[in-house]
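Chemist: My questions will all concern the structure given below.
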Amino acid sequence: MARNFLSPLTGSFAMPAAENPTVAMVEAAYRHHGLDWRYLNCEVAPDALGDAVRGARAMGWVGFNCSIPHKVAVIGHLDGLGESARIIGAVNTVVRRGERLIGENTDGKGFVAALKAITDPAGKRVVLLGAGGAARAVGVEMALAGASQVTVVNRDPGRGAELAGIIDPQTPADGRYVPWEPRYKLPPGTDIVINATSIGLFPDVEAMPDIDMDSLQPETVVADGIPNPPLTAFLRAAEARGCRTADGLGMLVNQGIVAIRYWTGIDADAAVMRKALADLGL
Ligand code: NDP
């Protein structure tokens, strides 16, 4: 019987890398779907990124994720960008297409996929809290998924206005920036509010975005990008008001599903991947 000991290679380049659980989630999916593929979690320093990408090319890697601090710098080592990665200005997933390495961004796509289990973004008025890397990806993908309006609420006006200034001319959505005043009041008619800041991330688990919770209507869908803990204080408070919610673990799992689809062509089982993270205590 002919045997093939050559496993297709994927992985991640980041620094630090040790606490990134993606390898457990992706390899659980590979095993579950009977794929003899590997996902190598690699610690790559900023000045070694070019060598790492050349190494991946030389070894015929099918693709790789990029995390902090490489999401912008990696663009200079690639052959092209997908639509949303170009608008966002950052890449977290690289895909080999023929001889070309193409940069994609799955953070926002994963968020939208997880949200769609609860509500369709098309035609919705969205309030986006935050304007960092995650917020840029989520805001652009919500706009490309058909949201009619994305209101960026951010503490730093420069970053907030920059994100609104990307969404408005480069997507069909109306993008606007609003300064984050204390006890920010959600505008009436807000369909979806998203926490894309780092507020509520472990260990600061009781922290909440500073919004007037009395302005949150039960019809509004509330989403949080924080994966750890998935049930944030913000989501608990929203559920207490009768809102439907989407958590950051759903975003994490779904961005993995999008990456696996780019690399292998298969639709990975979300429950298997979520369980792999739960088994780690996430
Ligand atoms: P950045 O550092 O790029 O951005 C952080 C954002 O949070 C900024 O908008 C910042 O505002 C805001 N912020 C932080 N603290 C406060 C505060 N006290 N009050 C108001 N605003 C605040 O981080 P990322 O965008 O990369 O990541 C943000 C979060 O998203 C992280 O917690 C990360 O875990 C999560 N994430 C989740 C993913 C998932 O798959 N679930 C994927 C990627 C990220 P300002 O601009 O004013 O400083």
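Residue names in the structure tokens use chain letters A, B, ... in the order shown, residue numbers from 1 in each chain, and ligand numbers from 1 in the order shown.
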For ligand 1, collect every residue having any atom at a distance of at most 6 Å from a ligand atom (counting only C-alpha atoms and all ligand atoms); output as a list in words.
Modeler: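 Listing the residues within 6 Å of ligand 1 gives Asp107, Gly130, Ala131, Gly132, Gly133, Ala134, Ala135, Asn154, Arg155, Asp156, Arg159, Ala196, Thr197, Ser198, Ile199, Leu201, Gly225, Ile226, Pro227, Gly248, Leu249, Met251 and Leu252 of chain A.
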Chemist: Which neighbours of A:Asn4 fall inside 12 Å, counting only C-alpha atoms, when residues of the same chain fewer than 3 positions from it are skipped, and could you give them as a ChimeraX atom specification?
Modeler: /A:1,7-8,36-37
Chemist: Can you work out which one of A:Ala223, A:Val23, A:Val253, A:Ala28 has the shortest atom-to-atom distance to A:Ile192, counting only C-alpha atoms?
Modeler: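 Using only C-alpha atoms, the shortest distance to A:Ile192 belongs to A:Ala223.
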Chemist: Calculated over only C-alpha atoms, which of the candidates A:Val127, A:Cys66, A:Cys243, A:Ala137 has the smallest distance to A:Tyr177?
Modeler: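 Distance minimum relative to A:Tyr177 lands on A:Val127.
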Chemist: Pick from A:Ala233, A:Ala271, A:Leu81, A:Leu49: nearest to A:Asn105, with only C-alpha atoms counted?
Modeler: A:Leu81
Chemist: Using only C-alpha atoms, which of the listed residues (A:Thr232, A:Asn41, A:Ser12, A:Ser84) sits closest to A:Val53?
Modeler: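 Using only C-alpha atoms, the shortest distance to A:Val53 belongs to A:Ser12.
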Chemist: Just list as a ChimeraX atom specification whatever in stretch 89-180 of chain A DSSP marks as alpha helix (DSSP H).
Modeler: /A:107-116,133-144,157-170
Chemist: Let me see the file: selected residues, C-alpha atoms, as a tab-separated table (two decimals), in the first residue's frame.
Modeler:
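Final output, part-v3.tsv:
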chain	number	residue	atom	x	y	z
A	107	ASP	CA	-11.20	38.14	12.77
A	108	GLY	CA	-14.16	40.13	11.48
A	109	LYS	CA	-15.41	37.30	9.24
A	110	GLY	CA	-15.45	35.01	12.30
A	111	PHE	CA	-17.34	37.63	14.28
A	112	VAL	CA	-19.96	38.03	11.55
A	113	ALA	CA	-20.35	34.24	11.15
A	114	ALA	CA	-20.93	33.84	14.91
A	115	LEU	CA	-23.36	36.77	14.98
A	116	LYS	CA	-25.38	35.40	12.05
A	133	GLY	CA	-7.19	45.93	15.66
A	134	ALA	CA	-10.22	43.76	16.52
A	135	ALA	CA	-12.66	46.67	16.11
A	136	ARG	CA	-11.23	47.55	12.68
A	137	ALA	CA	-11.78	43.98	11.47
A	138	VAL	CA	-15.27	43.72	13.01
A	139	GLY	CA	-16.38	47.17	11.81
A	140	VAL	CA	-15.25	46.62	8.21
A	141	GLU	CA	-16.77	43.12	7.98
A	142	MET	CA	-20.08	44.26	9.51
A	143	ALA	CA	-20.19	46.99	6.87
A	144	LEU	CA	-19.32	44.55	4.06
A	157	PRO	CA	-10.59	60.31	18.92
A	158	GLY	CA	-7.76	59.83	16.40
A	159	ARG	CA	-8.22	56.06	16.18
A	160	GLY	CA	-12.02	56.35	16.29
A	161	ALA	CA	-12.24	58.90	13.49
A	162	GLU	CA	-9.72	56.93	11.41
A	163	LEU	CA	-11.87	53.78	11.55
A	164	ALA	CA	-15.08	55.66	10.70
A	165	GLY	CA	-13.12	57.31	7.86
A	166	ILE	CA	-12.22	53.88	6.46
A	167	ILE	CA	-15.72	52.38	6.71
A	168	ASP	CA	-17.60	55.34	5.26
A	169	PRO	CA	-15.88	55.73	1.86
A	170	GLN	CA	-14.71	52.14	1.35
Chemist: Give the answer as one residue: which of A:Tyr184, A:Trp61, A:Phe202, A:Tyr30 has the shortest atom-to-atom distance to A:Leu101, using only C-alpha atoms?
Modeler: A:Trp61
Chemist: Find the residue from A:Lys71, A:His77, A:Arg96, A:Arg86 that sits nearest to A:Thr264; use only C-alpha atoms when measuring.
Modeler: A:Arg96
Chemist: Give me the residues near A:Ala276 as a PyMOL selection string, where near means some atom within 12 Å (using only C-alpha atoms) and where sequence neighbours in that chain fewer than 4 positions away do not count.
Modeler: chain A and resi 21-32+249+253+269-272+280-282
Chemist: Residues as selected, C-alpha atoms, written as a compact mmCIF listing (two decimals), in the first residue's frame, can you do that?
Modeler:
# COMPACT_ATOMS: atom_id res chain seq x y z
CA PRO A 21 -4.63 28.18 22.28
CA THR A 22 -5.37 28.18 18.52
CA VAL A 23 -3.20 25.11 17.91
CA ALA A 24 -5.43 22.97 20.17
CA MET A 25 -8.58 24.18 18.43
CA VAL A 26 -7.29 23.75 14.85
CA GLU A 27 -5.62 20.37 15.38
CA ALA A 28 -8.81 19.07 17.07
CA ALA A 29 -10.66 19.98 13.86
CA TYR A 30 -7.98 18.32 11.66
CA ARG A 31 -8.23 15.11 13.72
CA HIS A 32 -12.03 15.14 13.76
CA LEU A 249 -15.52 32.41 22.00
CA VAL A 253 -14.00 29.50 16.88
CA ASP A 269 -17.22 21.35 13.06
CA ALA A 270 -17.67 24.31 15.42
CA ALA A 271 -18.73 22.12 18.37
CA VAL A 272 -15.50 20.09 18.16
CA LEU A 280 -8.39 23.84 28.19
CA GLY A 281 -10.62 25.70 30.66
CA LEU A 282 -11.56 28.49 28.22
Chemist: Interatomic distance between atom CA of A:Cys42 and atom CA of A:Leu277?
Modeler: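 Going from atom CA of A:Cys42 over to atom CA of A:Leu277, I get 19.0 Å.
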Chemist: Taking 3 positions as the minimum chain separation for residues in the same chain, which residues sit within 7 Å of A:Pro121 when counting only C-alpha atoms? Answer as a list of chain:residue names.
Modeler: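 The neighbour list is A:Lys124, A:Met142, A:Ala145, A:Gly146, A:Ala147.
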Chemist: I want to know what sits within 8 Å of A:Arg125, based on only C-alpha atoms, with residues of the same chain fewer than 4 positions away left out; could you give that as an mmCIF file with C-alpha atoms, in the first residue's frame?
Modeler:
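Saved result, around.cif, follows:
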data_model
loop_
_atom_site.group_PDB
_atom_site.id
_atom_site.type_symbol
_atom_site.label_atom_id
_atom_site.label_comp_id
_atom_site.auth_asym_id
_atom_site.auth_seq_id
_atom_site.Cartn_x
_atom_site.Cartn_y
_atom_site.Cartn_z
ATOM 1 C CA ALA A 147 -24.949 46.843 8.044
ATOM 2 C CA SER A 148 -26.520 50.174 7.097
ATOM 3 C CA GLN A 149 -24.706 52.219 9.727
ATOM 4 C CA VAL A 150 -21.608 51.668 11.887
ATOM 5 C CA THR A 151 -21.160 54.199 14.690
ATOM 6 C CA GLY A 189 -32.978 52.349 17.177
ATOM 7 C CA THR A 190 -29.593 50.697 17.765
ATOM 8 C CA ASP A 191 -29.971 47.110 16.482
ATOM 9 C CA ILE A 192 -26.579 45.689 17.508
#
Chemist: Can you measure atom CA of A:Trp263 to atom CA of A:Ala122 for me? One decimal in Å is fine.
Modeler: 27.5 Å
Chemist: Mind giving me the straight-line distance from atom CA of A:Asp214 to atom CA of A:Lys185 in Å, one decimal?
Modeler: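 Answer for the atom CA of A:Asp214 to atom CA of A:Lys185 separation: 8.2 Å.
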